[in-house]
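Down below is the structure, laid out as structure tokens.
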Amino acid sequence: MSQNTLAPAAQRRRERRFGLFSLLVLAVMLGVFASSTRGAQATFILNDARGQLFELPDLILPVVPTVIVLSALVAGIAARQFTRGFGSRAVVIVGVVALLFVIAFLTWAAAGGQLSVVGLLRGSLARATPIAFGAMAGVLCERAGVINIAIEGQFLAGAFTAAVVSSIAGNPWVGLFGGISAGVLVAFMLAGLSIKFQADQIVVGVVLIVFATGVTSFLNTQVLSGNPQLNSPTRFASIAVPVLSEIPLIGPVLFRQSLLVFGMIAAVIVLQYGLFQTRWGLRLRSVGEPPKAADTVGIHVLATRYKAVLLGGVLAGIGGSWWTLDAVGQFSREMTGGRGFIALAAMLVGRYSPVGAFGAALIFGFSDQLATSLQLLRVPVPSDLLLTAPYLVTIVVVAGLIGRLRVPAADGKPYVKQ
């Protein structure tokens with residue numbers, strides 16, 4: 001049976017699923033937010049404390065009317081989904097529903113208080129940085145046919161090594177080199193066991209995570225705890241791009257960040273172009289499809305896979321270094337908090353594309369930063385529950401938005417040259 005014959009039934013199932021999602025969102029908005037008596041108005045600050053070309057007025061919204069209007073929009077979208085559907089635009093419409101929910105939620109959370117929109121968006125981009133680096137590492141490996149579950153281990157190894165090396169050298173660039181080296185070392189073990197010895201790639205990835213977690217936790221307890229001078233890394237300073245950083249709202253978010261954030265954006269652009277517009281990218285992607293065809297035209301399959309995994313180690317090492325050279329400024333036990341697995345989710349949501357993975361990383365980064373912002377606003381939600389927000393968002397997005405993926409044909413399959 002052809003795909004076109006199956007498409008209408010699949011389309012109807014997707015419309016019903018998205019319609020139920022919209023109704024669930026509507027129920028939460030009406031049942032919780034509209035009945036809240038936390039305050040009459042919510043104030044959103046659109047200016048940065050360090051100055052802009054001109055000031056924007058604060059956005060003040062009445063809580064209950066705003067939530068009711070947004071709920072009515074969601075109700076209309078849900079009714080349309082159940083009756084006529086949105087066809088190919090269904091995923092976009094779900095994104096719109098999610099955006100309306102976020103606006104309503106922020107309005108409710110900021111009731112009677114103030115929320116800095118600039119701080120929320122800038123923090124979201126920063127927190128998306130390691131996730132995007134990890135997701136790009138996964139894209140490189142899996143496009144070449146190697147499953148990389150070990151991103152979490154590469155994060156921990158990179159964070160630990162970057163902290164120690166930067167503390168000794170007193171230079172964040174030297175620390176970054178150390179973090180990259182650690183990421184590449186874990187990648188080399190992954191490549192050797194998976195490509196050369198043809199071990200099960202998922203098992204190898206899990207073993208490397210356990211190995212990196214155990215080693216870094218042991219060294220943190222036995223070495224860093226008694227020698228704080230080894231855990232005081234020099235961090236990258238925030239850089240403001242002249243003129244551009246003074247553009248209201250956009251400037252402080254995009255052009256007042258650390259070098260690692262700028263490097264992440266540059267890496268997304270370069271890798272997207274390299275994978276899909278260059279001969280190198282074509283060769284790398286070809287070894288992730290039936291590699292025999294690539295081998296017959298002279299492409300060295302195993303060498304190409306090795307290079308892809310090691311380059312992924314570079315990116316994952318930079319992502320791990322972000323914690324100690326940018327965000328926190330010291331290493332602590334298991335400080336990455338499972339973000340390597342969220343990076344894998346971002347890779348899947350982004351459908352093995354650097355730009356798509358970056359977009360998914362922004363969603364997860366926003367949920368992470370939102371949990372921090374809500375704690376400052378003292379919303380009536382337990383702090384432990386707020387900390388689970390990134391993981392809850394990951395489950396919802398992966399379960400509801402990925403759909404059927406076309407994975408590389410040789411993903412996870414060892415290749416033996418005949």
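Letters for chains follow the order of the structure tokens (A, B, ...), residue numbers begin at 1 for each chain, and ligand numbers begin at 1 in the order shown.
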
Segment 220-227 of chain A: which residues within 12 Å, counting only C-alpha atoms, same-chain residues fewer than 3 positions away excluded, as a ChimeraX atom specification? /A:156-157,159-161,163-164,167-168,212-217,230-233,330-335

Write out as an NGL selection string which residues come within 12 Å of Gly113 of chain A when counting only C-alpha atoms, dropping same-chain ones fewer than 6 positions away. :A and (38-45 or 60-63 or 106-107 or 373-374 or 376-379)

For segment 247-260 of chain A, work out the shell of residues within 6 Å, counting only C-alpha atoms and skipping chain neighbours fewer than 4 positions away, then give it as a ChimeraX atom specification. /A:52,122,237-241

Dump of C-alpha atoms for the selected residues, as a CSV table (one decimal), in the first residue's frame:
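Written out: result-v5.csv:
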chain,number,residue,atom,x,y,z
A,52,GLN,CA,19.9,50.7,25.2
A,122,ARG,CA,19.1,36.0,27.2
A,237,ALA,CA,33.5,37.3,30.2
A,238,SER,CA,30.4,38.6,28.5
A,239,ILE,CA,31.0,40.5,25.3
A,240,ALA,CA,28.8,43.3,24.0
A,241,VAL,CA,28.9,43.9,20.3

Hey, what does DSSP flag as helix (DSSP H, G or I) within segment 104-289 of chain A? Can you give it to me as an MDAnalysis selection string? chainID A and resid 104:109 117:143 151:169 172:196 201:224 228:231 244:246 250:254 259:277 279:286

For the atom pair atom CA of Val139 of chain A and atom CA of Ile318 of chain A, what is the interatomic distance in Å to one decimal place? 15.3 Å

What separates atom CA of Gly288 of chain A and atom CA of Ala137 of chain A is a distance of 14.7 Å

Polymer residues at most 12 Å from Gly337 of chain A, only C-alpha atoms, same-chain spacing of 3 or more positions, as a PyMOL selection string: chain A and resi 130-131+152-153+155-156+213+320+323+332-334+340-343+368+387-388+390-391

With only C-alpha atoms as the atoms that count, which of A:Ile77, A:Leu302, A:Ala135, A:Ser353 lies nearest to Gly95 of chain A?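 Selected residue with least distance to Gly95 of chain A: A:Ile77.
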
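The two atoms in question, atom CA of Val186 of chain A and atom CA of Trp173 of chain A, are spaced 20.3 Å apart.
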
Residue nearest Ile149 of chain A - candidates A:Leu271, A:Met189, A:Val203, A:Ile195, atoms counted: only C-alpha atoms: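 Answer, going by the shortest atom-to-atom distance: A:Val203.
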
Can you tell me, as a ChimeraX atom specification, what residues are no more than 10 Å from Glu289 of chain A when counting only C-alpha atoms, ignoring any on the same chain fewer than 2 positions away? /A:143-145,284-287,291-294,407-411

One residue among A:Thr304, A:Gln81, A:Ser116, A:Ser71 is nearest to Asp58 of chain A when using only C-alpha atoms, and that residue is A:Ser116
